[in-house]
>>> print(open('target-v6.cif').read())   # mmCIF, C-alpha atoms
data_work
loop_
_atom_site.label_atom_id
_atom_site.label_comp_id
_atom_site.auth_asym_id
_atom_site.auth_seq_id
_atom_site.Cartn_x
_atom_site.Cartn_y
_atom_site.Cartn_z
CA MET X 106 114.49 134.41 120.84
CA SER X 107 113.57 132.47 123.98
CA THR X 108 111.17 135.22 125.09
CA LEU X 109 109.56 135.27 121.64
CA GLY X 110 109.19 131.47 121.73
CA GLN X 111 107.59 131.60 125.14
CA ARG X 112 105.10 134.20 123.94
CA ALA X 113 104.23 132.11 120.87
CA GLY X 114 103.77 129.04 123.08
CA ALA X 115 101.52 131.01 125.44
CA VAL X 116 99.37 132.17 122.52
CA VAL X 117 98.92 128.56 121.36
CA THR X 118 98.27 127.03 124.78
CA ALA X 119 95.98 129.75 126.13
CA PRO X 120 92.87 128.63 124.19
CA LEU X 121 93.54 125.00 125.12
CA THR X 122 93.90 125.92 128.79
CA LEU X 123 90.64 127.88 128.68
CA LEU X 124 88.85 124.95 126.99
CA ALA X 125 90.18 122.53 129.62
CA ARG X 126 88.89 124.77 132.44
CA ILE X 127 85.45 124.94 130.79
CA VAL X 128 85.00 121.19 130.25
CA ASP X 129 86.66 120.07 133.50
CA PRO X 130 83.67 120.68 135.88
CA PRO X 131 81.04 118.83 133.80
CA LEU X 132 83.44 115.94 133.19
CA ARG X 133 84.15 115.65 136.93
CA LEU X 134 80.42 115.66 137.62
CA TRP X 135 79.85 112.99 134.94
CA GLN X 136 82.58 110.82 136.48
CA ARG X 137 80.94 111.05 139.92
CA TRP X 138 77.63 109.91 138.49
CA THR X 139 78.85 107.11 136.22
CA GLY X 140 82.30 106.12 137.52
CA LEU X 141 85.28 105.15 135.38
CA ASN X 142 83.18 102.95 133.08
CA GLY X 143 80.97 105.90 132.30
CA MET X 144 84.01 108.03 131.41
CA ALA X 145 85.24 105.30 129.08
CA ALA X 146 81.84 105.21 127.40
CA PHE X 147 81.86 109.00 127.08
CA PHE X 148 85.18 109.04 125.23
CA LEU X 149 84.17 106.08 123.06
CA LEU X 150 80.87 107.70 122.09
CA PRO X 151 82.19 109.72 119.09
CA ASN X 152 83.89 106.67 117.63
CA MET X 153 80.82 104.50 118.19
CA ALA X 154 78.64 107.15 116.57
CA ILE X 155 80.83 107.11 113.45
CA PHE X 156 80.79 103.29 113.47
CA GLY X 157 77.01 103.29 113.75
CA VAL X 158 76.48 105.79 110.93
CA PHE X 159 78.91 104.21 108.46
CA VAL X 160 78.66 100.50 109.42
CA LEU X 161 75.57 99.54 111.45
CA ILE X 162 73.03 101.68 109.60
CA PRO X 163 74.25 100.60 106.12
CA LEU X 164 74.21 96.98 107.32
CA ALA X 165 70.60 97.34 108.45
CA LEU X 166 69.66 99.02 105.15
CA ASN X 167 71.38 96.22 103.26
CA PHE X 168 69.27 93.66 105.09
CA VAL X 169 66.11 95.64 104.29
CA TYR X 170 67.11 95.77 100.60
CA SER X 171 67.56 92.00 100.59
CA THR X 172 63.85 91.61 101.37
CA THR X 173 62.76 93.72 98.40
CA ALA X 174 62.63 93.30 94.62
CA GLY X 175 62.85 95.51 91.55
CA THR X 176 65.45 97.56 89.69
CA ASN X 177 64.80 100.86 91.46
CA ILE X 178 67.23 102.16 94.05
CA LEU X 179 64.88 104.03 96.39
CA LEU X 180 63.18 101.81 98.95
CA ARG X 181 59.80 103.46 98.46
CA ASP X 182 59.85 102.32 94.82
CA ARG X 183 60.65 98.70 95.66
CA SER X 184 58.24 95.89 96.53
CA TYR X 185 58.57 93.73 99.63
CA VAL X 186 59.18 90.04 98.84
CA GLY X 187 60.41 88.68 102.18
CA ALA X 188 62.97 85.87 101.89
CA GLU X 189 62.41 85.35 98.16
CA GLN X 190 65.90 86.62 97.23
CA TYR X 191 67.55 84.19 99.67
CA ALA X 192 65.44 81.33 98.32
CA ARG X 193 66.51 82.27 94.80
CA LEU X 194 70.18 82.14 95.80
CA LEU X 195 69.82 78.78 97.56
CA ASP X 196 67.67 77.15 94.85
CA CYS X 197 69.98 74.33 93.71
CA ALA X 198 69.58 70.73 92.60
CA ASN X 199 73.22 70.04 93.50
CA TYR X 200 75.28 72.63 95.33
CA LEU X 201 78.50 71.07 94.03
CA GLU X 202 77.43 71.71 90.44
CA PRO X 203 76.75 75.45 89.93
CA LEU X 204 75.02 74.89 86.57
CA THR X 205 72.17 73.09 88.38
CA CYS X 206 71.43 76.21 90.45
CA ARG X 207 68.99 78.95 89.60
CA GLU X 208 71.68 81.56 90.27
CA ASP X 209 74.53 79.60 88.71
CA GLN X 210 76.87 82.61 88.63
CA PHE X 211 76.55 83.05 92.39
CA TRP X 212 77.59 79.47 93.05
CA THR X 213 80.34 79.70 90.44
CA ALA X 214 81.65 82.80 92.21
CA ALA X 215 81.30 81.03 95.58
CA SER X 216 83.26 77.98 94.41
CA ASN X 217 85.93 80.20 92.82
CA THR X 218 86.20 82.19 96.04
CA LEU X 219 86.50 79.02 98.14
CA VAL X 220 89.34 77.64 96.02
CA PHE X 221 91.00 81.07 95.90
CA VAL X 222 90.85 81.48 99.69
CA ILE X 223 92.28 78.00 100.35
CA PHE X 224 95.31 78.50 98.10
CA GLN X 225 95.83 82.23 98.61
CA VAL X 226 95.58 82.23 102.40
CA SER X 227 97.86 79.20 102.68
CA LEU X 228 100.42 80.80 100.38
CA MET X 229 100.07 84.16 102.13
CA ILE X 230 100.74 82.74 105.59
CA ALA X 231 103.64 80.57 104.40
CA VAL X 232 105.37 83.38 102.49
CA SER X 233 104.75 85.94 105.24
CA LEU X 234 106.11 83.60 107.91
CA ILE X 235 109.25 82.77 105.92
CA THR X 236 109.82 86.45 105.13
CA ALA X 237 109.34 87.45 108.77
CA LEU X 238 111.80 84.78 109.93
CA ILE X 239 114.42 86.03 107.45
CA LEU X 240 113.88 89.71 108.28
CA ASN X 241 114.13 88.93 111.99
CA ARG X 242 117.71 87.73 111.56
CA GLU X 243 120.78 89.92 111.74
CA ILE X 244 121.31 90.55 108.03
CA ARG X 245 122.89 93.46 106.23
CA GLY X 246 120.38 96.08 105.06
CA ARG X 247 117.59 94.62 107.19
CA SER X 248 115.70 97.92 107.49
CA PHE X 249 115.88 98.43 103.73
CA PHE X 250 114.43 94.99 102.98
CA ARG X 251 111.68 95.50 105.55
CA ALA X 252 110.66 98.68 103.76
CA VAL X 253 110.83 96.96 100.35
CA PHE X 254 108.53 94.12 101.41
CA PHE X 255 106.05 96.53 102.99
CA PHE X 256 105.98 98.97 100.06
CA PRO X 257 103.31 97.12 97.96
CA VAL X 258 100.88 97.50 100.88
CA LEU X 259 101.02 101.27 100.40
CA LEU X 260 99.94 101.02 96.76
CA SER X 261 96.33 101.33 95.71
CA PRO X 262 94.80 97.97 94.67
CA VAL X 263 93.92 99.55 91.33
CA VAL X 264 97.56 100.53 90.81
CA VAL X 265 98.61 96.98 91.72
CA GLY X 266 96.18 95.55 89.16
CA LEU X 267 97.36 97.92 86.44
CA ILE X 268 101.05 97.17 87.12
CA TRP X 269 100.59 93.43 86.86
CA LYS X 270 98.26 93.73 83.88
CA TRP X 271 101.02 95.63 82.10
CA ILE X 272 103.45 92.83 83.01
CA LEU X 273 101.18 89.87 82.10
CA GLN X 274 99.28 91.14 79.08
CA ARG X 275 99.97 89.77 75.56
CA GLN X 276 102.50 92.51 74.73
CA GLY X 277 103.59 92.83 78.34
CA LEU X 278 106.96 92.86 80.04
CA LEU X 279 106.98 89.14 80.90
CA ASN X 280 106.38 88.04 77.31
CA LEU X 281 109.01 90.51 76.12
CA MET X 282 111.56 88.92 78.44
CA MET X 283 110.55 85.43 77.25
CA VAL X 284 110.96 86.40 73.59
CA ASN X 285 114.41 87.84 74.32
CA LEU X 286 115.33 84.49 75.91
CA GLY X 287 114.14 82.62 72.82
CA LEU X 288 110.94 81.29 74.41
CA GLU X 289 107.41 81.33 73.05
CA PRO X 290 105.18 84.04 74.57
CA GLU X 291 102.09 83.02 76.52
CA VAL X 292 98.65 84.61 76.66
CA TRP X 293 98.63 84.63 80.44
CA LEU X 294 95.42 86.51 81.18
CA ASN X 295 93.38 84.71 78.49
CA ASP X 296 94.04 81.27 79.95
CA ARG X 297 91.71 80.07 82.71
CA PHE X 298 94.45 78.38 84.75
CA TYR X 299 97.10 81.07 84.37
CA SER X 300 94.66 83.90 85.10
CA PHE X 301 93.48 82.16 88.28
CA VAL X 302 97.07 81.59 89.41
CA ALA X 303 97.84 85.23 88.57
CA THR X 304 95.09 86.48 90.90
CA ILE X 305 96.54 84.38 93.73
CA GLY X 306 100.10 85.56 93.09
CA VAL X 307 99.24 89.23 92.66
CA SER X 308 97.05 89.41 95.77
CA THR X 309 99.75 87.65 97.80
CA TRP X 310 102.43 90.04 96.51
CA ALA X 311 100.25 93.06 97.28
CA HIS X 312 99.32 92.19 100.88
CA MET X 313 102.03 89.94 102.30
CA GLY X 314 103.97 92.91 103.68
CA PHE X 315 101.18 93.72 106.14
CA TYR X 316 101.02 90.17 107.51
CA THR X 317 104.82 89.94 107.56
CA LEU X 318 104.85 93.02 109.79
CA ILE X 319 102.43 91.39 112.26
CA LEU X 320 104.48 88.19 112.40
CA LEU X 321 107.72 90.14 112.69
CA ALA X 322 106.34 91.98 115.71
CA GLY X 323 105.46 88.63 117.27
CA LEU X 324 108.94 87.24 116.62
CA GLN X 325 110.60 90.26 118.21
CA ALA X 326 108.42 89.83 121.32
CA ILE X 327 109.77 86.32 121.95
CA PRO X 328 112.43 86.48 124.73
CA LYS X 329 115.93 85.91 123.38
CA ASP X 330 116.82 83.97 126.52
CA LEU X 331 114.84 81.02 125.21
CA TYR X 332 116.89 80.89 122.02
CA GLU X 333 120.13 81.28 123.95
CA ALA X 334 119.19 78.40 126.25
CA ALA X 335 118.29 76.25 123.24
CA GLU X 336 121.62 77.11 121.61
CA MET X 337 123.50 76.13 124.75
CA ASP X 338 121.70 72.76 124.72
CA ALA X 339 122.64 72.31 121.02
CA THR X 340 118.95 72.03 120.06
CA PRO X 341 118.42 71.56 116.30
CA PRO X 342 116.93 74.63 114.54
CA THR X 343 113.87 72.67 113.40
CA ARG X 344 113.11 71.65 116.97
CA VAL X 345 113.59 75.25 118.16
CA PHE X 346 111.12 76.38 115.51
CA ARG X 347 108.52 73.75 116.46
CA ARG X 348 108.87 73.99 120.24
CA ILE X 349 109.63 77.71 120.79
CA THR X 350 108.87 79.89 117.78
CA LEU X 351 105.57 78.44 116.57
CA PRO X 352 103.85 78.13 120.00
CA LEU X 353 104.82 81.66 121.06
CA LEU X 354 103.89 83.02 117.65
CA GLY X 355 100.47 81.35 117.83
CA PRO X 356 98.41 84.48 118.74
CA ASN X 357 99.98 86.45 115.87
CA LEU X 358 99.36 83.59 113.45
CA ALA X 359 95.71 83.48 114.55
CA VAL X 360 95.33 87.20 113.85
CA VAL X 361 97.00 86.81 110.46
CA LEU X 362 94.77 83.86 109.57
CA VAL X 363 91.55 85.69 110.47
CA LEU X 364 92.56 88.86 108.62
CA ALA X 365 93.75 86.91 105.58
CA LEU X 366 90.49 84.93 105.45
CA ILE X 367 88.40 88.10 105.57
CA ARG X 368 90.56 89.79 102.95
CA GLY X 369 90.52 86.70 100.73
CA VAL X 370 86.74 86.36 100.74
CA GLN X 371 86.35 90.08 99.99
CA ILE X 372 88.91 90.18 97.14
CA PHE X 373 87.79 92.51 94.36
CA ASP X 374 89.86 95.56 93.36
CA GLU X 375 93.07 94.16 91.92
CA VAL X 376 91.31 91.13 90.40
CA PHE X 377 88.67 93.30 88.72
CA VAL X 378 91.37 95.48 87.16
CA LEU X 379 93.62 92.55 86.27
CA THR X 380 91.18 90.05 84.73
CA GLY X 381 87.68 91.55 85.00
CA GLY X 382 86.46 88.15 86.23
CA GLY X 383 87.58 86.36 83.07
CA PRO X 384 88.31 84.61 80.94
CA GLY X 385 84.71 83.46 81.17
CA THR X 386 83.97 83.15 84.87
CA SER X 387 87.30 81.60 85.91
CA THR X 388 88.20 84.53 88.18
CA LEU X 389 84.69 85.67 89.09
CA TYR X 390 84.62 86.04 92.88
CA LEU X 391 81.75 86.84 95.25
CA THR X 392 82.40 90.56 95.64
CA GLN X 393 82.51 91.08 91.88
CA TYR X 394 79.30 89.07 91.49
CA ILE X 395 77.60 91.33 94.05
CA TYR X 396 78.89 94.44 92.26
CA GLU X 397 77.75 93.29 88.83
CA VAL X 398 74.30 92.13 89.96
CA GLY X 399 73.67 95.25 92.02
CA PHE X 400 75.13 97.95 89.78
CA ALA X 401 76.83 96.92 86.52
CA SER X 402 74.29 94.53 84.95
CA LEU X 403 71.62 95.81 82.57
CA LEU X 404 69.10 93.72 84.54
CA ARG X 405 70.41 94.82 87.89
CA ASN X 406 68.84 93.43 91.03
CA PRO X 407 69.96 95.31 94.16
CA GLY X 408 67.86 93.02 96.37
CA LEU X 409 69.62 89.90 95.11
CA ALA X 410 73.02 91.59 95.48
CA ALA X 411 72.14 92.60 99.05
CA ALA X 412 71.06 89.04 99.87
CA ALA X 413 74.34 87.69 98.46
CA SER X 414 76.33 90.17 100.56
CA ILE X 415 74.41 89.15 103.70
CA VAL X 416 75.17 85.48 103.00
CA MET X 417 78.85 86.31 102.45
CA GLY X 418 78.95 88.31 105.67
CA ALA X 419 77.35 85.45 107.62
CA VAL X 420 79.95 83.03 106.25
CA LEU X 421 82.74 85.42 107.30
CA VAL X 422 81.32 85.68 110.83
CA VAL X 423 81.11 81.88 111.14
CA LEU X 424 84.67 81.42 109.84
CA THR X 425 86.04 84.09 112.18
CA LEU X 426 84.27 82.71 115.26
CA ALA X 427 85.38 79.18 114.43
CA GLN X 428 88.99 80.25 114.01
CA LEU X 429 88.98 82.26 117.24
CA SER X 430 87.45 79.32 119.10
CA LEU X 431 90.12 76.96 117.78
CA SER X 432 92.86 79.44 118.69
CA ARG X 433 91.57 79.76 122.26
CA ARG X 434 91.39 75.98 122.65
CA SER X 435 94.95 75.58 121.39
CA GLU X 436 96.16 78.31 123.78
CA ARG X 437 94.45 76.60 126.73
CA ALA X 438 95.93 73.27 125.73
CA GLY X 439 99.37 74.87 125.53
CA GLU X 440 98.97 76.38 129.01
CA ARG X 441 98.12 72.95 130.44
#
>>> encode(input="target-v6.cif", output="structure tokens")
Amino acid sequence: MSTLGQRAGAVVTAPLTLLARIVDPPLRLWQRWTGLNGMAAFFLLPNMAIFGVFVLIPLALNFVYSTTAGTNILLRDRSYVGAEQYARLLDCANYLEPLTCREDQFWTAASNTLVFVIFQVSLMIAVSLITALILNREIRGRSFFRAVFFFPVLLSPVVVGLIWKWILQRQGLLNLMMVNLGLEPEVWLNDRFYSFVATIGVSTWAHMGFYTLILLAGLQAIPKDLYEAAEMDATPPTRVFRRITLPLLGPNLAVVLVLALIRGVQIFDEVFVLTGGGPGTSTLYLTQYIYEVGFASLLRNPGLAAAASIVMGAVLVVLTLAQLSLSRRSERAGER
């Protein structure tokens, strides 16, 4: 059996050995010419090529589309209008009142997205941090609970939306439980307030496991000696949390905040399935506005949708850079 295994291994490794001998001389020559930095660039080239084809080129095309007008998809059938689409988006008498804007739905979606991000990101970070702190303790079945909290992340956003729509609809599971308890059923998804709260709760439930995992990794990287020293000094738990846990968890919290902000601004899938942007425009967010204007509307305007996506992307870049700058300043202040 051992001889047969060795033969099978030789058959598998022989082509790889031959390939290594073929590519070794040119790679050595390339390293002499370019040095270690050149070798790093060589191995990064395939990944950068994929990034360019699927990210940079579509981004450039999107910007070109934002300078054109018409309902046609092909660029050759569209007319160049310059910054007219951006001017249309920003044409407002009062930016705090969407109905005074030329594109009132865009500003309604922007205001909805702003409120959603404020509440959802705050709730996401708070719940993820509390969950990570609990799962970092020595509790029975810790591995099981870690898997349970991470499981929703593995589900498709469409599946998440359908599950919660089945729970919250008029004849759904939640109303059935309320009737069995002698309570009056509610029309959850037809109420502006309840539907908005539902989008916050469902998105938090669906994605908190991912952020909990990041924070849990940060908690496990904190040296236990610090906690043991604090315990020996009889330091109160709240003081330990403020003086040890939070400062050392700062980089992980910064990552979670940036990722949660990006995800919150781009929310679409589960909300579209759950509420469809309704009732009315109470849960209409920017990504759904872009989708409807560019593809779903009878009077579609791909140029306007492209301009809206460019504006949303610029806002995301500004928010990310601002957050990273604040995080670096806080880290430098902590080092001092």
>>> resolve_selection(input="target-v6.cif", expression="the PyMOL selection byres ((chain X and resi 308-316) around 10)", output="ChimeraX atom specification")
/X:225-234,236-237,251-262,265-266,303-307,317-322,357-358,360-362,364-365,368-369,372-376
>>> closest_atom_pairs(input="target-v6.cif", of="stretch 377-419 of chain X", to="stretch 156-174 of chain X", cutoff="7 Å", atoms="all atoms listed in the file", output="tab-separated table")
residue	atom	partner	partner_atom	distance
X:Gly408	CA	X:Ser171	CA	4.4
X:Leu409	CA	X:Ser171	CA	6.2
X:Ala411	CA	X:Ser171	CA	4.9
X:Ala412	CA	X:Ser171	CA	4.6
X:Ile415	CA	X:Phe168	CA	7.0
>>> residues_around(input="target-v6.cif", residues="X:Val363", least_positions_apart="6", cutoff="12 Å", atoms="all atoms listed in the file", output="list in words")
Val222, Val226, Ser227, Ile230, Tyr316, Pro356, Asn357, Gly369, Val370, Leu421, Val422, Val423, Leu424, Thr425, Leu426, Ala427, Gln428, Leu429, Ser430, Leu431 and Ser432 of chain X
>>> atom_distance(input="target-v6.cif", atom1="atom CA of X:Ala413", atom2="atom CA of X:Tyr191")
7.7 Å
>>> closest_residue(input="target-v6.cif", among="X:Ala119, X:Phe249, X:Leu403, X:Ser387", to="X:Asp296", atoms="all atoms listed in the file")
X:Ser387
>>> axis_aligned_box(input="target-v6.cif", around="stretch 127-142 of chain X", padding_each_side="4 Å", output="JSON")
{"center_x": 82.1, "center_y": 113.9, "center_z": 135.1, "size_x": 17.0, "size_y": 30.0, "size_z": 17.7}
>>> closest_residue(input="target-v6.cif", among="X:Val292, X:Ala401, X:Ile127, X:Leu391", to="X:Gln276", atoms="all atoms listed in the file")
X:Val292
>>> atom_distance(input="target-v6.cif", atom1="atom CA of X:Trp212", atom2="atom CA of X:Gly187")
21.5 Å
>>> atom_distance(input="target-v6.cif", atom1="atom CA of X:Asn177", atom2="atom CA of X:Glu189")
17.1 Å
>>> resolve_selection(input="target-v6.cif", expression="the PyMOL selection byres ((chain X and resi 272) around 12)", output="PDB file with C-alpha atoms, in the frame of the given file")
ATOM      1  CA  VAL X 265      98.610  96.980  91.720  1.00  0.00           C
ATOM      2  CA  GLY X 266      96.180  95.550  89.160  1.00  0.00           C
ATOM      3  CA  LEU X 267      97.360  97.920  86.440  1.00  0.00           C
ATOM      4  CA  ILE X 268     101.050  97.170  87.120  1.00  0.00           C
ATOM      5  CA  TRP X 269     100.590  93.430  86.860  1.00  0.00           C
ATOM      6  CA  LYS X 270      98.260  93.730  83.880  1.00  0.00           C
ATOM      7  CA  TRP X 271     101.020  95.630  82.100  1.00  0.00           C
ATOM      8  CA  LEU X 273     101.180  89.870  82.100  1.00  0.00           C
ATOM      9  CA  GLN X 274      99.280  91.140  79.080  1.00  0.00           C
ATOM     10  CA  ARG X 275      99.970  89.770  75.560  1.00  0.00           C
ATOM     11  CA  GLN X 276     102.500  92.510  74.730  1.00  0.00           C
ATOM     12  CA  GLY X 277     103.590  92.830  78.340  1.00  0.00           C
ATOM     13  CA  LEU X 278     106.960  92.860  80.040  1.00  0.00           C
ATOM     14  CA  LEU X 279     106.980  89.140  80.900  1.00  0.00           C
ATOM     15  CA  ASN X 280     106.380  88.040  77.310  1.00  0.00           C
ATOM     16  CA  LEU X 281     109.010  90.510  76.120  1.00  0.00           C
ATOM     17  CA  MET X 282     111.560  88.920  78.440  1.00  0.00           C
ATOM     18  CA  MET X 283     110.550  85.430  77.250  1.00  0.00           C
ATOM     19  CA  GLU X 291     102.090  83.020  76.520  1.00  0.00           C
ATOM     20  CA  VAL X 292      98.650  84.610  76.660  1.00  0.00           C
ATOM     21  CA  TRP X 293      98.630  84.630  80.440  1.00  0.00           C
ATOM     22  CA  LEU X 294      95.420  86.510  81.180  1.00  0.00           C
ATOM     23  CA  ALA X 303      97.840  85.230  88.570  1.00  0.00           C
ATOM     24  CA  VAL X 307      99.240  89.230  92.660  1.00  0.00           C
ATOM     25  CA  LEU X 379      93.620  92.550  86.270  1.00  0.00           C
TER      26      LEU X 379
END
